[in-house]
file target22.cif (mmCIF, N, CA and C atoms)
data_work
loop_
_atom_site.label_atom_id
_atom_site.label_comp_id
_atom_site.auth_asym_id
_atom_site.auth_seq_id
_atom_site.Cartn_x
_atom_site.Cartn_y
_atom_site.Cartn_z
N MET A 1 -199.36 -44.09 -49.04
CA MET A 1 -200.34 -43.94 -47.98
C MET A 1 -201.02 -45.28 -47.66
N VAL A 2 -201.31 -46.05 -48.71
CA VAL A 2 -201.99 -47.33 -48.51
C VAL A 2 -201.12 -48.27 -47.66
N ALA A 3 -199.82 -48.26 -47.91
CA ALA A 3 -198.92 -49.12 -47.14
C ALA A 3 -198.93 -48.73 -45.66
N LEU A 4 -198.92 -47.44 -45.38
CA LEU A 4 -198.96 -46.98 -43.99
C LEU A 4 -200.29 -47.33 -43.33
N VAL A 5 -201.37 -47.19 -44.07
CA VAL A 5 -202.68 -47.57 -43.53
C VAL A 5 -202.68 -49.06 -43.18
N ALA A 6 -202.14 -49.89 -44.07
CA ALA A 6 -202.07 -51.33 -43.80
C ALA A 6 -201.27 -51.62 -42.54
N CYS A 7 -200.17 -50.90 -42.37
CA CYS A 7 -199.32 -51.08 -41.18
C CYS A 7 -200.09 -50.71 -39.91
N PHE A 8 -200.77 -49.56 -39.94
CA PHE A 8 -201.51 -49.12 -38.75
C PHE A 8 -202.70 -50.02 -38.46
N VAL A 9 -203.37 -50.50 -39.48
CA VAL A 9 -204.49 -51.44 -39.27
C VAL A 9 -203.96 -52.73 -38.63
N ALA A 10 -202.83 -53.22 -39.12
CA ALA A 10 -202.24 -54.44 -38.54
C ALA A 10 -201.89 -54.22 -37.07
N GLN A 11 -201.32 -53.07 -36.76
CA GLN A 11 -200.98 -52.78 -35.36
C GLN A 11 -202.25 -52.74 -34.51
N GLY A 12 -203.32 -52.14 -35.04
CA GLY A 12 -204.59 -52.11 -34.31
C GLY A 12 -205.17 -53.50 -34.11
N LEU A 13 -205.04 -54.34 -35.13
CA LEU A 13 -205.51 -55.72 -35.00
C LEU A 13 -204.71 -56.49 -33.96
N LYS A 14 -203.42 -56.17 -33.83
CA LYS A 14 -202.61 -56.82 -32.80
C LYS A 14 -203.18 -56.56 -31.42
N LEU A 15 -203.64 -55.33 -31.20
CA LEU A 15 -204.24 -54.98 -29.91
C LEU A 15 -205.49 -55.81 -29.66
N ILE A 16 -206.33 -55.94 -30.68
CA ILE A 16 -207.56 -56.73 -30.55
C ILE A 16 -207.23 -58.20 -30.28
N VAL A 17 -206.27 -58.75 -31.02
CA VAL A 17 -205.87 -60.16 -30.81
C VAL A 17 -205.33 -60.34 -29.40
N GLU A 18 -204.53 -59.40 -28.95
CA GLU A 18 -203.94 -59.49 -27.60
C GLU A 18 -205.03 -59.42 -26.52
N VAL A 19 -206.02 -58.56 -26.70
CA VAL A 19 -207.12 -58.47 -25.73
C VAL A 19 -207.89 -59.79 -25.68
N ILE A 20 -208.12 -60.39 -26.84
CA ILE A 20 -208.83 -61.67 -26.88
C ILE A 20 -208.01 -62.76 -26.19
N LYS A 21 -206.69 -62.80 -26.45
CA LYS A 21 -205.83 -63.84 -25.89
C LYS A 21 -205.59 -63.65 -24.40
N GLN A 22 -205.29 -62.43 -23.98
CA GLN A 22 -204.87 -62.18 -22.59
C GLN A 22 -206.00 -61.68 -21.69
N GLN A 23 -207.13 -61.34 -22.27
CA GLN A 23 -208.27 -60.82 -21.52
C GLN A 23 -207.94 -59.49 -20.81
N LYS A 24 -206.99 -58.73 -21.35
CA LYS A 24 -206.67 -57.41 -20.80
C LYS A 24 -206.06 -56.55 -21.90
N VAL A 25 -206.14 -55.23 -21.69
CA VAL A 25 -205.62 -54.28 -22.67
C VAL A 25 -204.17 -53.94 -22.32
N ASP A 26 -203.29 -54.14 -23.29
CA ASP A 26 -201.88 -53.78 -23.14
C ASP A 26 -201.51 -52.90 -24.34
N LEU A 27 -201.51 -51.60 -24.14
CA LEU A 27 -201.26 -50.66 -25.23
C LEU A 27 -199.84 -50.73 -25.78
N ARG A 28 -198.93 -51.38 -25.05
CA ARG A 28 -197.56 -51.54 -25.56
C ARG A 28 -197.53 -52.36 -26.85
N VAL A 29 -198.55 -53.18 -27.05
CA VAL A 29 -198.65 -54.00 -28.26
C VAL A 29 -198.65 -53.11 -29.52
N LEU A 30 -199.15 -51.89 -29.38
CA LEU A 30 -199.24 -50.99 -30.53
C LEU A 30 -197.88 -50.52 -31.04
N VAL A 31 -196.86 -50.63 -30.21
CA VAL A 31 -195.54 -50.12 -30.61
C VAL A 31 -194.43 -51.17 -30.52
N THR A 32 -194.81 -52.42 -30.37
CA THR A 32 -193.80 -53.48 -30.28
C THR A 32 -193.79 -54.32 -31.55
N THR A 33 -192.70 -55.05 -31.72
CA THR A 33 -192.58 -55.95 -32.87
C THR A 33 -193.17 -57.31 -32.52
N GLY A 34 -193.41 -58.11 -33.53
CA GLY A 34 -193.96 -59.44 -33.33
C GLY A 34 -195.47 -59.38 -33.16
N GLY A 35 -196.08 -60.54 -33.12
CA GLY A 35 -197.51 -60.62 -32.91
C GLY A 35 -198.31 -60.83 -34.19
N MET A 36 -199.61 -61.01 -34.00
CA MET A 36 -200.53 -61.33 -35.09
C MET A 36 -201.41 -60.15 -35.39
N PRO A 37 -201.50 -59.72 -36.64
CA PRO A 37 -200.74 -60.10 -37.83
C PRO A 37 -199.45 -59.29 -37.93
N SER A 38 -198.58 -59.69 -38.82
CA SER A 38 -197.33 -58.98 -39.02
C SER A 38 -197.58 -57.65 -39.72
N SER A 39 -197.28 -56.55 -39.02
CA SER A 39 -197.46 -55.23 -39.64
C SER A 39 -196.39 -54.98 -40.69
N HIS A 40 -195.20 -55.59 -40.50
CA HIS A 40 -194.15 -55.47 -41.51
C HIS A 40 -194.64 -56.07 -42.84
N SER A 41 -195.23 -57.25 -42.75
CA SER A 41 -195.73 -57.92 -43.95
C SER A 41 -196.88 -57.16 -44.58
N ALA A 42 -197.76 -56.63 -43.74
CA ALA A 42 -198.89 -55.85 -44.27
C ALA A 42 -198.38 -54.62 -45.02
N LEU A 43 -197.41 -53.94 -44.46
CA LEU A 43 -196.86 -52.74 -45.08
C LEU A 43 -196.21 -53.03 -46.42
N VAL A 44 -195.28 -53.99 -46.45
CA VAL A 44 -194.54 -54.23 -47.70
C VAL A 44 -195.39 -54.90 -48.76
N THR A 45 -196.36 -55.70 -48.35
CA THR A 45 -197.24 -56.33 -49.32
C THR A 45 -198.20 -55.30 -49.92
N ALA A 46 -198.73 -54.42 -49.09
CA ALA A 46 -199.59 -53.35 -49.60
C ALA A 46 -198.80 -52.46 -50.54
N LEU A 47 -197.55 -52.18 -50.20
CA LEU A 47 -196.70 -51.36 -51.06
C LEU A 47 -196.49 -52.04 -52.42
N ALA A 48 -196.08 -53.29 -52.40
CA ALA A 48 -195.81 -54.01 -53.66
C ALA A 48 -197.09 -54.15 -54.48
N PHE A 49 -198.18 -54.53 -53.84
CA PHE A 49 -199.43 -54.70 -54.55
C PHE A 49 -199.91 -53.37 -55.14
N GLY A 50 -199.76 -52.30 -54.35
CA GLY A 50 -200.15 -50.97 -54.83
C GLY A 50 -199.32 -50.52 -56.02
N VAL A 51 -198.02 -50.80 -55.99
CA VAL A 51 -197.15 -50.47 -57.12
C VAL A 51 -197.58 -51.27 -58.34
N GLY A 52 -197.89 -52.54 -58.17
CA GLY A 52 -198.36 -53.36 -59.28
C GLY A 52 -199.65 -52.84 -59.87
N GLN A 53 -200.59 -52.45 -59.00
CA GLN A 53 -201.88 -51.92 -59.47
C GLN A 53 -201.69 -50.60 -60.22
N THR A 54 -200.79 -49.76 -59.72
CA THR A 54 -200.64 -48.41 -60.26
C THR A 54 -199.73 -48.36 -61.48
N LEU A 55 -198.59 -49.00 -61.40
CA LEU A 55 -197.58 -48.89 -62.46
C LEU A 55 -197.53 -50.10 -63.38
N GLY A 56 -198.23 -51.15 -63.01
CA GLY A 56 -198.27 -52.33 -63.86
C GLY A 56 -197.51 -53.50 -63.24
N TRP A 57 -198.05 -54.69 -63.45
CA TRP A 57 -197.48 -55.90 -62.87
C TRP A 57 -196.16 -56.30 -63.53
N ALA A 58 -195.88 -55.79 -64.71
CA ALA A 58 -194.62 -56.10 -65.40
C ALA A 58 -193.59 -54.99 -65.26
N SER A 59 -193.89 -53.98 -64.45
CA SER A 59 -192.97 -52.85 -64.33
C SER A 59 -191.77 -53.21 -63.45
N PRO A 60 -190.64 -52.58 -63.70
CA PRO A 60 -189.46 -52.79 -62.85
C PRO A 60 -189.73 -52.34 -61.41
N ASP A 61 -190.56 -51.32 -61.24
CA ASP A 61 -190.88 -50.85 -59.89
C ASP A 61 -191.61 -51.93 -59.08
N PHE A 62 -192.52 -52.65 -59.73
CA PHE A 62 -193.21 -53.74 -59.05
C PHE A 62 -192.22 -54.85 -58.69
N ALA A 63 -191.30 -55.14 -59.60
CA ALA A 63 -190.30 -56.18 -59.32
C ALA A 63 -189.45 -55.80 -58.11
N VAL A 64 -189.01 -54.56 -58.03
CA VAL A 64 -188.20 -54.11 -56.90
C VAL A 64 -189.01 -54.17 -55.60
N ALA A 65 -190.26 -53.68 -55.65
CA ALA A 65 -191.11 -53.70 -54.46
C ALA A 65 -191.39 -55.12 -53.99
N THR A 66 -191.55 -56.04 -54.94
CA THR A 66 -191.82 -57.44 -54.59
C THR A 66 -190.60 -58.09 -53.94
N VAL A 67 -189.42 -57.85 -54.51
CA VAL A 67 -188.20 -58.39 -53.91
C VAL A 67 -188.00 -57.82 -52.51
N PHE A 68 -188.24 -56.52 -52.36
CA PHE A 68 -188.14 -55.88 -51.05
C PHE A 68 -189.11 -56.54 -50.07
N ALA A 69 -190.34 -56.79 -50.49
CA ALA A 69 -191.34 -57.42 -49.63
C ALA A 69 -190.91 -58.82 -49.22
N ILE A 70 -190.39 -59.58 -50.16
CA ILE A 70 -189.96 -60.95 -49.85
C ILE A 70 -188.82 -60.93 -48.83
N ILE A 71 -187.87 -60.02 -48.99
CA ILE A 71 -186.75 -59.93 -48.05
C ILE A 71 -187.25 -59.57 -46.66
N VAL A 72 -188.13 -58.58 -46.56
CA VAL A 72 -188.66 -58.16 -45.26
C VAL A 72 -189.43 -59.30 -44.59
N MET A 73 -190.27 -60.00 -45.37
CA MET A 73 -191.07 -61.08 -44.79
C MET A 73 -190.19 -62.27 -44.39
N TYR A 74 -189.18 -62.56 -45.19
CA TYR A 74 -188.25 -63.64 -44.84
C TYR A 74 -187.52 -63.29 -43.55
N ASP A 75 -187.08 -62.05 -43.44
CA ASP A 75 -186.39 -61.61 -42.24
C ASP A 75 -187.30 -61.70 -41.02
N ALA A 76 -188.55 -61.27 -41.16
CA ALA A 76 -189.49 -61.29 -40.04
C ALA A 76 -189.76 -62.71 -39.55
N ALA A 77 -189.91 -63.63 -40.48
CA ALA A 77 -190.25 -65.01 -40.10
C ALA A 77 -189.02 -65.88 -39.87
N GLY A 78 -187.89 -65.48 -40.39
CA GLY A 78 -186.69 -66.31 -40.28
C GLY A 78 -185.70 -65.78 -39.27
N VAL A 79 -184.97 -64.76 -39.67
CA VAL A 79 -183.86 -64.26 -38.87
C VAL A 79 -184.34 -63.70 -37.54
N ARG A 80 -185.35 -62.82 -37.56
CA ARG A 80 -185.80 -62.22 -36.30
C ARG A 80 -186.51 -63.23 -35.41
N GLN A 81 -187.19 -64.20 -36.00
CA GLN A 81 -187.83 -65.25 -35.20
C GLN A 81 -186.75 -66.07 -34.48
N ALA A 82 -185.68 -66.40 -35.19
CA ALA A 82 -184.58 -67.15 -34.59
C ALA A 82 -183.90 -66.33 -33.49
N ALA A 83 -183.73 -65.04 -33.71
CA ALA A 83 -183.12 -64.18 -32.68
C ALA A 83 -183.99 -64.14 -31.43
N GLY A 84 -185.31 -64.15 -31.61
CA GLY A 84 -186.22 -64.17 -30.47
C GLY A 84 -186.11 -65.46 -29.68
N LYS A 85 -185.96 -66.58 -30.38
CA LYS A 85 -185.79 -67.87 -29.71
C LYS A 85 -184.48 -67.90 -28.93
N GLN A 86 -183.42 -67.35 -29.52
CA GLN A 86 -182.14 -67.28 -28.83
C GLN A 86 -182.25 -66.40 -27.58
N ALA A 87 -182.95 -65.29 -27.69
CA ALA A 87 -183.13 -64.40 -26.55
C ALA A 87 -183.86 -65.11 -25.42
N ARG A 88 -184.88 -65.89 -25.76
CA ARG A 88 -185.64 -66.63 -24.75
C ARG A 88 -184.73 -67.60 -24.00
N ILE A 89 -183.87 -68.31 -24.74
CA ILE A 89 -182.96 -69.27 -24.12
C ILE A 89 -181.93 -68.55 -23.26
N LEU A 90 -181.37 -67.47 -23.75
CA LEU A 90 -180.38 -66.72 -22.97
C LEU A 90 -181.00 -66.13 -21.71
N ASN A 91 -182.23 -65.62 -21.79
CA ASN A 91 -182.90 -65.11 -20.59
C ASN A 91 -183.11 -66.22 -19.57
N GLN A 92 -183.47 -67.40 -20.05
CA GLN A 92 -183.67 -68.54 -19.15
C GLN A 92 -182.35 -68.93 -18.49
N MET A 93 -181.27 -68.92 -19.25
CA MET A 93 -179.95 -69.26 -18.70
C MET A 93 -179.54 -68.26 -17.62
N VAL A 94 -179.75 -66.97 -17.88
CA VAL A 94 -179.40 -65.94 -16.89
C VAL A 94 -180.24 -66.12 -15.65
N ASP A 95 -181.55 -66.40 -15.81
CA ASP A 95 -182.43 -66.62 -14.67
C ASP A 95 -181.93 -67.78 -13.81
N GLU A 96 -181.55 -68.88 -14.45
CA GLU A 96 -181.12 -70.06 -13.71
C GLU A 96 -179.74 -69.90 -13.10
N LEU A 97 -178.82 -69.27 -13.82
CA LEU A 97 -177.45 -69.12 -13.31
C LEU A 97 -177.33 -68.10 -12.20
N PHE A 98 -178.14 -67.06 -12.25
CA PHE A 98 -177.99 -65.99 -11.28
C PHE A 98 -179.18 -65.91 -10.33
N ASN A 99 -179.89 -67.01 -10.18
CA ASN A 99 -181.05 -67.08 -9.30
C ASN A 99 -180.64 -66.82 -7.85
N GLU A 100 -179.46 -67.30 -7.47
CA GLU A 100 -179.01 -67.14 -6.09
C GLU A 100 -178.33 -65.79 -5.85
N LYS A 101 -178.20 -64.97 -6.87
CA LYS A 101 -177.60 -63.64 -6.73
C LYS A 101 -178.61 -62.58 -7.15
N PRO A 102 -179.56 -62.23 -6.27
CA PRO A 102 -180.59 -61.26 -6.65
C PRO A 102 -180.03 -59.86 -6.90
N ASP A 103 -178.82 -59.58 -6.40
CA ASP A 103 -178.23 -58.25 -6.61
C ASP A 103 -177.65 -58.12 -8.03
N PHE A 104 -177.55 -59.23 -8.73
CA PHE A 104 -177.06 -59.19 -10.10
C PHE A 104 -178.13 -58.57 -10.98
N PHE A 105 -177.80 -57.46 -11.61
CA PHE A 105 -178.78 -56.78 -12.46
C PHE A 105 -178.43 -57.01 -13.91
N GLN A 106 -179.38 -57.56 -14.62
CA GLN A 106 -179.15 -57.82 -16.03
C GLN A 106 -180.44 -57.51 -16.79
N ASP A 107 -180.33 -56.64 -17.80
CA ASP A 107 -181.49 -56.36 -18.64
C ASP A 107 -181.86 -57.63 -19.40
N ARG A 108 -183.14 -57.89 -19.45
CA ARG A 108 -183.59 -59.06 -20.19
C ARG A 108 -183.60 -58.73 -21.68
N LEU A 109 -183.27 -59.72 -22.48
CA LEU A 109 -183.31 -59.57 -23.93
C LEU A 109 -184.76 -59.63 -24.40
N LYS A 110 -185.06 -58.88 -25.43
CA LYS A 110 -186.41 -58.89 -26.00
C LYS A 110 -186.63 -60.20 -26.74
N GLU A 111 -187.67 -60.92 -26.36
CA GLU A 111 -187.92 -62.25 -26.93
C GLU A 111 -188.88 -62.22 -28.11
N LEU A 112 -189.80 -61.28 -28.15
CA LEU A 112 -190.78 -61.25 -29.23
C LEU A 112 -190.27 -60.31 -30.32
N LEU A 113 -189.43 -60.83 -31.19
CA LEU A 113 -188.81 -60.03 -32.24
C LEU A 113 -189.42 -60.32 -33.61
N GLY A 114 -189.68 -61.55 -33.87
CA GLY A 114 -190.10 -61.96 -35.21
C GLY A 114 -191.52 -62.46 -35.24
N HIS A 115 -191.84 -63.12 -36.33
CA HIS A 115 -193.20 -63.61 -36.56
C HIS A 115 -193.16 -65.07 -36.97
N THR A 116 -194.25 -65.74 -36.69
CA THR A 116 -194.43 -67.09 -37.22
C THR A 116 -194.85 -66.96 -38.68
N PRO A 117 -194.69 -68.02 -39.45
CA PRO A 117 -195.15 -67.96 -40.85
C PRO A 117 -196.62 -67.60 -40.98
N VAL A 118 -197.46 -68.06 -40.06
CA VAL A 118 -198.90 -67.74 -40.11
C VAL A 118 -199.11 -66.24 -39.91
N GLN A 119 -198.36 -65.63 -39.00
CA GLN A 119 -198.48 -64.19 -38.77
C GLN A 119 -198.04 -63.40 -40.00
N VAL A 120 -197.00 -63.87 -40.68
CA VAL A 120 -196.52 -63.22 -41.90
C VAL A 120 -197.55 -63.34 -43.01
N ILE A 121 -198.12 -64.52 -43.18
CA ILE A 121 -199.14 -64.73 -44.21
C ILE A 121 -200.36 -63.87 -43.92
N ALA A 122 -200.79 -63.83 -42.66
CA ALA A 122 -201.95 -63.00 -42.30
C ALA A 122 -201.68 -61.53 -42.60
N GLY A 123 -200.47 -61.06 -42.29
CA GLY A 123 -200.12 -59.68 -42.60
C GLY A 123 -200.11 -59.42 -44.10
N SER A 124 -199.63 -60.39 -44.87
CA SER A 124 -199.60 -60.25 -46.32
C SER A 124 -201.01 -60.18 -46.90
N ILE A 125 -201.88 -61.03 -46.42
CA ILE A 125 -203.27 -61.03 -46.87
C ILE A 125 -203.92 -59.69 -46.53
N LEU A 126 -203.65 -59.20 -45.33
CA LEU A 126 -204.18 -57.90 -44.92
C LEU A 126 -203.67 -56.79 -45.83
N GLY A 127 -202.38 -56.80 -46.15
CA GLY A 127 -201.81 -55.79 -47.02
C GLY A 127 -202.42 -55.79 -48.41
N VAL A 128 -202.57 -56.97 -48.99
CA VAL A 128 -203.19 -57.09 -50.31
C VAL A 128 -204.63 -56.61 -50.26
N THR A 129 -205.35 -57.00 -49.22
CA THR A 129 -206.75 -56.63 -49.09
C THR A 129 -206.92 -55.11 -48.99
N ILE A 130 -206.13 -54.48 -48.16
CA ILE A 130 -206.23 -53.03 -47.98
C ILE A 130 -205.85 -52.31 -49.26
N SER A 131 -204.82 -52.76 -49.94
CA SER A 131 -204.42 -52.15 -51.19
C SER A 131 -205.52 -52.31 -52.24
N TRP A 132 -206.09 -53.49 -52.31
CA TRP A 132 -207.17 -53.76 -53.27
C TRP A 132 -208.40 -52.90 -52.96
N LEU A 133 -208.76 -52.80 -51.67
CA LEU A 133 -209.91 -51.97 -51.28
C LEU A 133 -209.68 -50.50 -51.58
N ALA A 134 -208.46 -50.04 -51.35
CA ALA A 134 -208.14 -48.63 -51.63
C ALA A 134 -208.26 -48.36 -53.12
N ARG A 135 -207.78 -49.26 -53.94
CA ARG A 135 -207.86 -49.09 -55.39
C ARG A 135 -209.31 -49.14 -55.87
N ALA A 136 -210.11 -50.03 -55.26
CA ALA A 136 -211.52 -50.14 -55.64
C ALA A 136 -212.30 -48.89 -55.24
N ALA A 137 -211.85 -48.20 -54.19
CA ALA A 137 -212.54 -47.00 -53.73
C ALA A 137 -212.30 -45.83 -54.67
N TYR A 138 -211.22 -45.87 -55.46
CA TYR A 138 -210.94 -44.79 -56.39
C TYR A 138 -211.63 -45.05 -57.66
#

call {"tool": "encode", "arguments": {"input": "target22.cif", "output": "structure tokens"}}
result
Amino acid sequence: MVALVACFVAQGLKLIVEVIKQQKVDLRVLVTTGGMPSSHSALVTALAFGVGQTLGWASPDFAVATVFAIIVMYDAAGVRQAAGKQARILNQMVDELFNEKPDFFQDRLKELLGHTPVQVIAGSILGVTISWLARAAY
């Protein structure tokens, strides 16, 4: 439950950050990937931290959860970030190549797929904080 709470809080914070940056409300931010903070990182970090708090920092379960968290965060900041950059370049190429053919219909690739390292770190801090607060409340 703590991991899901961390994920939903991160998604809510994305809306607040987007309102501050864009000066308008865009509810699509609540269901899209990318943005500040990383909800993926918040979820997996809260999960791993919660497992460590509950089952012990030396438990095999904590080790598995930590490896899982590292893989998810690496993917969010590495592979998916690179895919987003590629999508941006491909969209620009399609725009430039087919500018004179407005009847050409092409779905645009999604560009905001991954996270910057700062977004991943912020999500991780949020996940640890929420997990720690939940444990302190019990």

call {"tool": "atom_distance", "arguments": {"input": "target22.cif", "atom1": "atom C of A:Ala87", "atom2": "atom C of A:Lys24"}}
result
24.1 Å

call {"tool": "resolve_selection", "arguments": {"input": "target22.cif", "expression": "the PyMOL selection byres ((chain A and resi 49) around 7)", "output": "list of chain:residue names"}}
result
A:Val44, A:Thr45, A:Ala46, A:Leu47, A:Ala48, A:Gly50, A:Val51, A:Gly52, A:Gln53, A:Thr54, A:Ala65, A:Thr66, A:Gly127, A:Val128, A:Ser131, A:Trp132

call {"tool": "write_last_selection", "arguments": {"input": "target22.cif", "atoms": "N, CA and C atoms", "output": "compact mmCIF listing (two decimals), in the coordinates of the input"}}
result
# COMPACT_ATOMS: atom_id res chain seq x y z
N VAL A 44 -195.28 -53.99 -46.45
CA VAL A 44 -194.54 -54.23 -47.70
C VAL A 44 -195.39 -54.90 -48.76
N THR A 45 -196.36 -55.70 -48.35
CA THR A 45 -197.24 -56.33 -49.32
C THR A 45 -198.20 -55.30 -49.92
N ALA A 46 -198.73 -54.42 -49.09
CA ALA A 46 -199.59 -53.35 -49.60
C ALA A 46 -198.80 -52.46 -50.54
N LEU A 47 -197.55 -52.18 -50.20
CA LEU A 47 -196.70 -51.36 -51.06
C LEU A 47 -196.49 -52.04 -52.42
N ALA A 48 -196.08 -53.29 -52.40
CA ALA A 48 -195.81 -54.01 -53.66
C ALA A 48 -197.09 -54.15 -54.48
N GLY A 50 -199.76 -52.30 -54.35
CA GLY A 50 -200.15 -50.97 -54.83
C GLY A 50 -199.32 -50.52 -56.02
N VAL A 51 -198.02 -50.80 -55.99
CA VAL A 51 -197.15 -50.47 -57.12
C VAL A 51 -197.58 -51.27 -58.34
N GLY A 52 -197.89 -52.54 -58.17
CA GLY A 52 -198.36 -53.36 -59.28
C GLY A 52 -199.65 -52.84 -59.87
N GLN A 53 -200.59 -52.45 -59.00
CA GLN A 53 -201.88 -51.92 -59.47
C GLN A 53 -201.69 -50.60 -60.22
N THR A 54 -200.79 -49.76 -59.72
CA THR A 54 -200.64 -48.41 -60.26
C THR A 54 -199.73 -48.36 -61.48
N ALA A 65 -190.26 -53.68 -55.65
CA ALA A 65 -191.11 -53.70 -54.46
C ALA A 65 -191.39 -55.12 -53.99
N THR A 66 -191.55 -56.04 -54.94
CA THR A 66 -191.82 -57.44 -54.59
C THR A 66 -190.60 -58.09 -53.94
N GLY A 127 -202.38 -56.80 -46.15
CA GLY A 127 -201.81 -55.79 -47.02
C GLY A 127 -202.42 -55.79 -48.41
N VAL A 128 -202.57 -56.97 -48.99
CA VAL A 128 -203.19 -57.09 -50.31
C VAL A 128 -204.63 -56.61 -50.26
N SER A 131 -204.82 -52.76 -49.94
CA SER A 131 -204.42 -52.15 -51.19
C SER A 131 -205.52 -52.31 -52.24
N TRP A 132 -206.09 -53.49 -52.31
CA TRP A 132 -207.17 -53.76 -53.27
C TRP A 132 -208.40 -52.90 -52.96

call {"tool": "axis_aligned_box", "arguments": {"input": "target22.cif", "around": "stretch 48-58 of chain A", "padding_each_side": "3 Å", "output": "AutoDock Vina command-line options"}}
result
--center_x -197.7 --center_y -52.3 --center_z -58.9 --size_x 14.3 --size_y 13.9 --size_z 19.0

call {"tool": "closest_residue", "arguments": {"input": "target22.cif", "among": "A:Val9, A:Gly78, A:Leu133, A:Gln119", "to": "A:Gly34", "atoms": "all atoms listed in the file"}}
result
A:Gln119

call {"tool": "atom_distance", "arguments": {"input": "target22.cif", "atom1": "atom C of A:Ala122", "atom2": "atom CA of A:Ser39"}}
result
8.1 Å

call {"tool": "residues_around", "arguments": {"input": "target22.cif", "residues": "A:Val31", "least_positions_apart": "3", "cutoff": "7 Å", "atoms": "only N, CA and C atoms", "output": "ChimeraX atom specification"}}
result
/A:11,27-28

call {"tool": "resolve_selection", "arguments": {"input": "target22.cif", "expression": "the PyMOL selection byres ((chain A and resi 120) around 7)", "output": "ChimeraX atom specification"}}
result
/A:37-38,41-42,73,77,115-119,121-125

call {"tool": "write_last_selection", "arguments": {"input": "target22.cif", "atoms": "N, CA and C atoms", "output": "short mmCIF file (atom, residue, chain, number, x, y, z; two decimals), in the frame of the given file"}}
result
data_model
loop_
_atom_site.label_atom_id
_atom_site.label_comp_id
_atom_site.auth_asym_id
_atom_site.auth_seq_id
_atom_site.Cartn_x
_atom_site.Cartn_y
_atom_site.Cartn_z
N PRO A 37 -201.50 -59.72 -36.64
CA PRO A 37 -200.74 -60.10 -37.83
C PRO A 37 -199.45 -59.29 -37.93
N SER A 38 -198.58 -59.69 -38.82
CA SER A 38 -197.33 -58.98 -39.02
C SER A 38 -197.58 -57.65 -39.72
N SER A 41 -195.23 -57.25 -42.75
CA SER A 41 -195.73 -57.92 -43.95
C SER A 41 -196.88 -57.16 -44.58
N ALA A 42 -197.76 -56.63 -43.74
CA ALA A 42 -198.89 -55.85 -44.27
C ALA A 42 -198.38 -54.62 -45.02
N MET A 73 -190.27 -60.00 -45.37
CA MET A 73 -191.07 -61.08 -44.79
C MET A 73 -190.19 -62.27 -44.39
N ALA A 77 -189.91 -63.63 -40.48
CA ALA A 77 -190.25 -65.01 -40.10
C ALA A 77 -189.02 -65.88 -39.87
N HIS A 115 -191.84 -63.12 -36.33
CA HIS A 115 -193.20 -63.61 -36.56
C HIS A 115 -193.16 -65.07 -36.97
N THR A 116 -194.25 -65.74 -36.69
CA THR A 116 -194.43 -67.09 -37.22
C THR A 116 -194.85 -66.96 -38.68
N PRO A 117 -194.69 -68.02 -39.45
CA PRO A 117 -195.15 -67.96 -40.85
C PRO A 117 -196.62 -67.60 -40.98
N VAL A 118 -197.46 -68.06 -40.06
CA VAL A 118 -198.90 -67.74 -40.11
C VAL A 118 -199.11 -66.24 -39.91
N GLN A 119 -198.36 -65.63 -39.00
CA GLN A 119 -198.48 -64.19 -38.77
C GLN A 119 -198.04 -63.40 -40.00
N ILE A 121 -198.12 -64.52 -43.18
CA ILE A 121 -199.14 -64.73 -44.21
C ILE A 121 -200.36 -63.87 -43.92
N ALA A 122 -200.79 -63.83 -42.66
CA ALA A 122 -201.95 -63.00 -42.30
C ALA A 122 -201.68 -61.53 -42.60
N GLY A 123 -200.47 -61.06 -42.29
CA GLY A 123 -200.12 -59.68 -42.60
C GLY A 123 -200.11 -59.42 -44.10
N SER A 124 -199.63 -60.39 -44.87
CA SER A 124 -199.60 -60.25 -46.32
C SER A 124 -201.01 -60.18 -46.90
N ILE A 125 -201.88 -61.03 -46.42
CA ILE A 125 -203.27 -61.03 -46.87
C ILE A 125 -203.92 -59.69 -46.53
#

call {"tool": "atom_distance", "arguments": {"input": "target22.cif", "atom1": "atom CA of A:Ala6", "atom2": "atom C of A:Thr129"}}
result
8.0 Å

call {"tool": "residues_around", "arguments": {"input": "target22.cif", "residues": "A:Gly12", "least_positions_apart": "5", "cutoff": "9 Å", "atoms": "only C-alpha atoms", "output": "PyMOL selection string"}}
result
chain A and resi 7+17+29-30

call {"tool": "write_last_selection", "arguments": {"input": "target22.cif", "atoms": "N, CA and C atoms", "output": "short mmCIF file (atom, residue, chain, number, x, y, z; two decimals), in the frame of the given file"}}
result
data_model
loop_
_atom_site.label_atom_id
_atom_site.label_comp_id
_atom_site.auth_asym_id
_atom_site.auth_seq_id
_atom_site.Cartn_x
_atom_site.Cartn_y
_atom_site.Cartn_z
N CYS A 7 -200.17 -50.90 -42.37
CA CYS A 7 -199.32 -51.08 -41.18
C CYS A 7 -200.09 -50.71 -39.91
N VAL A 17 -206.27 -58.75 -31.02
CA VAL A 17 -205.87 -60.16 -30.81
C VAL A 17 -205.33 -60.34 -29.40
N VAL A 29 -198.55 -53.18 -27.05
CA VAL A 29 -198.65 -54.00 -28.26
C VAL A 29 -198.65 -53.11 -29.52
N LEU A 30 -199.15 -51.89 -29.38
CA LEU A 30 -199.24 -50.99 -30.53
C LEU A 30 -197.88 -50.52 -31.04
#

call {"tool": "closest_residue", "arguments": {"input": "target22.cif", "among": "A:Met36, A:Met93, A:Leu43, A:Ala69", "to": "A:Leu13", "atoms": "all atoms listed in the file"}}
result
A:Met36
